[in-house]
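Visitor: File input25.txt below, compact mmCIF, C-alpha atoms:
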```txt
# COMPACT_ATOMS: atom_id res chain seq x y z
CA GLY A 1 50.91 -167.85 28.76
CA ASP A 2 48.01 -168.59 26.47
CA LEU A 3 47.08 -171.77 24.72
CA HIS A 4 47.66 -170.84 21.09
CA HIS A 5 46.30 -172.67 18.07
CA ILE A 6 49.23 -172.78 15.63
CA PHE A 7 46.62 -172.74 12.88
CA PRO A 8 44.17 -170.31 14.53
CA LYS A 9 40.76 -171.83 15.09
CA ASP A 10 38.86 -168.92 13.52
CA TYR A 11 41.12 -169.15 10.45
CA LEU A 12 40.32 -172.86 10.17
CA LYS A 13 36.60 -172.30 10.82
CA LYS A 14 36.46 -169.75 7.98
CA ASN A 15 38.00 -172.38 5.73
CA GLY A 16 35.48 -175.11 6.53
CA PHE A 17 37.11 -177.01 9.40
CA GLN A 18 34.99 -178.35 12.25
CA LYS A 19 35.82 -178.10 15.97
CA ASN A 20 37.17 -181.65 16.18
CA PHE A 21 39.76 -180.71 13.54
CA TYR A 22 41.11 -177.48 14.98
CA ASN A 23 41.13 -178.53 18.66
CA GLN A 24 43.99 -180.99 18.25
CA VAL A 25 46.91 -181.39 20.66
CA ALA A 26 49.24 -181.16 17.66
CA ASN A 27 47.78 -177.71 16.92
CA TYR A 28 48.55 -176.28 20.37
CA VAL A 29 51.52 -174.41 21.83
CA TYR A 30 51.85 -172.17 24.85
CA MET A 31 52.75 -168.61 24.04
CA GLN A 32 52.73 -165.16 25.55
CA GLN A 33 49.26 -163.64 25.61
CA GLU A 34 50.49 -160.47 23.90
CA LEU A 35 51.91 -162.45 20.99
CA ASN A 36 48.80 -164.62 20.73
CA ILE A 37 46.66 -161.48 20.42
CA LYS A 38 48.97 -159.98 17.76
CA ILE A 39 48.78 -163.15 15.67
CA GLY A 40 45.01 -163.21 15.86
CA ASN A 41 43.44 -165.10 12.96
CA LYS A 42 46.41 -164.97 10.61
CA SER A 43 47.52 -168.10 8.84
CA PRO A 44 50.86 -169.55 9.97
CA LYS A 45 52.33 -168.62 6.60
CA ASP A 46 51.37 -164.97 7.18
CA TYR A 47 52.64 -164.66 10.74
CA MET A 48 55.81 -166.64 10.03
CA THR A 49 56.51 -164.34 7.07
CA THR A 50 56.19 -161.38 9.45
CA ILE A 51 58.64 -163.03 11.86
CA LYS A 52 61.13 -163.75 9.06
CA ASP A 53 60.82 -160.16 7.81
CA GLN A 54 61.38 -158.74 11.28
CA ILE A 55 64.59 -160.77 11.62
CA GLU A 56 65.84 -159.50 8.25
CA ASN A 57 64.85 -155.88 8.94
CA LYS A 58 65.80 -155.93 12.65
CA LYS A 59 62.38 -154.52 13.54
CA ILE A 60 60.52 -156.41 16.28
CA ILE A 61 56.83 -156.88 15.49
CA LEU A 62 55.69 -160.33 16.65
CA SER A 63 58.54 -161.98 18.51
CA ASN A 64 61.93 -161.42 20.06
CA PHE A 65 63.85 -163.58 17.60
CA LYS A 66 66.93 -161.69 16.53
CA ASN A 67 68.24 -164.28 14.07
CA PHE A 68 67.21 -167.34 12.10
CA ILE A 69 69.26 -169.68 14.28
CA ASP A 70 67.18 -168.78 17.34
CA LEU A 71 63.96 -169.16 15.35
CA GLN A 72 65.02 -172.56 14.04
CA LYS A 73 66.04 -173.72 17.52
CA ASN A 74 62.66 -172.65 18.92
CA LEU A 75 60.79 -174.52 16.19
CA GLU A 76 62.83 -177.68 16.86
CA GLU A 77 62.35 -177.43 20.63
CA ASN A 78 58.59 -177.15 20.12
CA CYS A 79 58.40 -179.92 17.49
CA ILE A 80 57.15 -177.51 14.82
CA PRO A 81 57.80 -178.83 11.29
CA GLU A 82 59.26 -176.59 8.58
CA LEU A 83 55.88 -176.75 6.84
CA ILE A 84 54.86 -173.92 9.19
CA PHE A 85 56.44 -171.46 6.74
CA ASP A 86 53.95 -172.53 4.06
CA GLY A 87 51.13 -173.03 6.56
CA GLY A 88 47.78 -172.60 4.91
CA PHE A 89 44.54 -174.45 5.50
CA GLN A 90 45.34 -176.61 2.45
CA ASN A 91 48.23 -178.32 4.26
CA TYR A 92 46.86 -178.27 7.81
CA GLU A 93 46.31 -182.03 8.00
CA GLU A 94 49.83 -182.68 6.68
CA PHE A 95 51.16 -180.28 9.32
CA LEU A 96 49.33 -182.20 12.06
CA SER A 97 50.74 -185.50 10.84
CA LEU A 98 54.31 -184.17 10.73
CA ARG A 99 54.03 -182.53 14.13
CA ARG A 100 52.61 -185.66 15.75
CA LYS A 101 55.62 -187.61 14.47
CA LEU A 102 58.04 -185.00 15.84
CA MET A 103 56.24 -184.99 19.20
CA ALA A 104 56.29 -188.80 19.38
CA LYS A 105 60.00 -188.84 18.56
CA ARG A 106 60.69 -186.28 21.29
CA ILE A 107 58.78 -188.40 23.84
CA ARG A 108 60.51 -191.60 22.71
CA ASP A 109 63.96 -189.99 22.86
CA TYR A 110 63.24 -188.68 26.34
CA TYR A 111 62.02 -192.09 27.50
CA PHE A 112 65.20 -193.82 26.31
CA MET A 113 67.29 -191.14 27.97
CA LEU A 114 65.89 -192.10 31.42
```
Take the structure from the file and write it as structure tokens.
Guide:
Amino acid sequence: GDLHHIFPKDYLKKNGFQKNFYNQVANYVYMQQELNIKIGNKSPKDYMTTIKDQIENKKIILSNFKNFIDLQKNLEENCIPELIFDGGFQNYEEFLSLRRKLMAKRIRDYYFML
């Protein structure tokens, strides 16, 4: 897989963000190279809208999600906050904060499960 910037770095660069803001652990996920290329420089709001539309229209464009339950489960498993659906550069920092909290909770829960 590829290291994917949830908020693509070129998208953030074009909107005035510096390298230390877009290269954040909370902005990374691993994803298939083919999907990463298809997403390109689109905002999360744009590519998540495409994914939602493909589920509704049953026409695969960006992912293999066949229903909203699978999409929601994937977002939860990857600690992606619901804010992703409105993801624009204006709420990038809020997204990072929310995702960091979800990631920390996942780590804490795992630790106490040991």
Visitor: So how far away is atom CA of A:Phe89 from atom CA of A:Asn15, in Å?
Guide: 6.9 Å
Visitor: Just want the 10 Å neighbourhood of stretch 100-107 of chain A, counted on only C-alpha atoms, with same-chain residues fewer than 6 positions away dropped. Output as a PDB file with C-alpha atoms, in the coordinates of the input.
Guide:
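Result file result-v5.pdb:
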```
ATOM      1  CA  VAL A  25      46.910-181.390  20.660  1.00  0.00           C
ATOM      2  CA  ALA A  26      49.240-181.160  17.660  1.00  0.00           C
ATOM      3  CA  ASN A  27      47.780-177.710  16.920  1.00  0.00           C
ATOM      4  CA  GLU A  76      62.830-177.680  16.860  1.00  0.00           C
ATOM      5  CA  GLU A  77      62.350-177.430  20.630  1.00  0.00           C
ATOM      6  CA  ASN A  78      58.590-177.150  20.120  1.00  0.00           C
ATOM      7  CA  CYS A  79      58.400-179.920  17.490  1.00  0.00           C
ATOM      8  CA  ILE A  80      57.150-177.510  14.820  1.00  0.00           C
ATOM      9  CA  PRO A  81      57.800-178.830  11.290  1.00  0.00           C
ATOM     10  CA  GLU A  94      49.830-182.680   6.680  1.00  0.00           C
ATOM     11  CA  MET A 113      67.290-191.140  27.970  1.00  0.00           C
TER      12      MET A 113
END
```
Visitor: Hey, can you pull every residue with an atom no more than 10 Å from (41.7, -166.1, 14.5), using only C-alpha atoms, and send it as a PyMOL selection string?
Guide: chain A and resi 5+7-14+36-37+39-43
Visitor: May I have the residues from that selection written out with C-alpha atoms, as a compact mmCIF listing (two decimals), in the coordinates of the input?
Guide:
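Now in selection-v2.txt:
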```txt
# COMPACT_ATOMS: atom_id res chain seq x y z
CA HIS A 5 46.30 -172.67 18.07
CA PHE A 7 46.62 -172.74 12.88
CA PRO A 8 44.17 -170.31 14.53
CA LYS A 9 40.76 -171.83 15.09
CA ASP A 10 38.86 -168.92 13.52
CA TYR A 11 41.12 -169.15 10.45
CA LEU A 12 40.32 -172.86 10.17
CA LYS A 13 36.60 -172.30 10.82
CA LYS A 14 36.46 -169.75 7.98
CA ASN A 36 48.80 -164.62 20.73
CA ILE A 37 46.66 -161.48 20.42
CA ILE A 39 48.78 -163.15 15.67
CA GLY A 40 45.01 -163.21 15.86
CA ASN A 41 43.44 -165.10 12.96
CA LYS A 42 46.41 -164.97 10.61
CA SER A 43 47.52 -168.10 8.84
```
Visitor: Which distance in Å separates atom CA of A:Lys19 and atom CA of A:Gly88, to one decimal?
Guide: 17.2 Å
Visitor: Report, in Å to a single decimal, how far apart atom CA of A:Lys38 and atom CA of A:Phe68 are.
Guide: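 One can read the atom CA of A:Phe68 to atom CA of A:Lys38 distance as 20.5 Å.
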Visitor: Please put the answer as JSON: centre and edge lengths, in Å with one decimal, of a box along x, y and z that encloses all listed atoms of stretch 21-40 of chain A plus 4 Å on each side.
Guide:
```
{"center_x": 46.3, "center_y": -170.7, "center_z": 19.6, "size_x": 21.0, "size_y": 29.4, "size_z": 20.1}
```
Visitor: Missing atoms in stretch 82-99 of chain A need filling: write out N, CA and C atoms for it as a compact mmCIF listing (two decimals), in the frame of the given file.
Guide:
```
# COMPACT_ATOMS: atom_id res chain seq x y z
N GLU A 82 58.95 -177.68 9.51
CA GLU A 82 59.26 -176.59 8.58
C GLU A 82 58.06 -176.17 7.74
N LEU A 83 57.10 -177.05 7.60
CA LEU A 83 55.88 -176.75 6.84
C LEU A 83 55.17 -175.51 7.37
N ILE A 84 55.48 -175.11 8.59
CA ILE A 84 54.86 -173.92 9.19
C ILE A 84 55.04 -172.69 8.31
N PHE A 85 56.15 -172.63 7.58
CA PHE A 85 56.44 -171.46 6.74
C PHE A 85 55.52 -171.38 5.53
N ASP A 86 54.91 -172.50 5.17
CA ASP A 86 53.95 -172.53 4.06
C ASP A 86 52.55 -172.82 4.58
N GLY A 87 52.35 -172.62 5.89
CA GLY A 87 51.13 -173.03 6.56
C GLY A 87 49.87 -172.32 6.10
N GLY A 88 49.11 -173.04 5.30
CA GLY A 88 47.78 -172.60 4.91
C GLY A 88 46.81 -173.72 5.20
N PHE A 89 45.53 -173.42 5.17
CA PHE A 89 44.54 -174.45 5.50
C PHE A 89 44.67 -175.68 4.60
N GLN A 90 45.21 -175.50 3.39
CA GLN A 90 45.34 -176.61 2.45
C GLN A 90 46.29 -177.69 2.97
N ASN A 91 47.29 -177.31 3.77
CA ASN A 91 48.23 -178.32 4.26
C ASN A 91 48.15 -178.50 5.78
N TYR A 92 47.04 -178.13 6.37
CA TYR A 92 46.86 -178.27 7.81
C TYR A 92 46.96 -179.72 8.27
N GLU A 93 46.29 -180.63 7.58
CA GLU A 93 46.31 -182.03 8.00
C GLU A 93 47.71 -182.63 7.86
N GLU A 94 48.44 -182.23 6.83
CA GLU A 94 49.83 -182.68 6.68
C GLU A 94 50.68 -182.14 7.83
N PHE A 95 50.45 -180.88 8.19
CA PHE A 95 51.16 -180.28 9.32
C PHE A 95 50.92 -181.09 10.60
N LEU A 96 49.66 -181.42 10.87
CA LEU A 96 49.33 -182.20 12.06
C LEU A 96 50.06 -183.54 12.07
N SER A 97 50.08 -184.21 10.94
CA SER A 97 50.74 -185.50 10.84
C SER A 97 52.24 -185.37 11.12
N LEU A 98 52.87 -184.39 10.51
CA LEU A 98 54.31 -184.17 10.73
C LEU A 98 54.60 -183.80 12.18
N ARG A 99 53.78 -182.95 12.75
CA ARG A 99 54.03 -182.53 14.13
C ARG A 99 53.82 -183.68 15.10
```
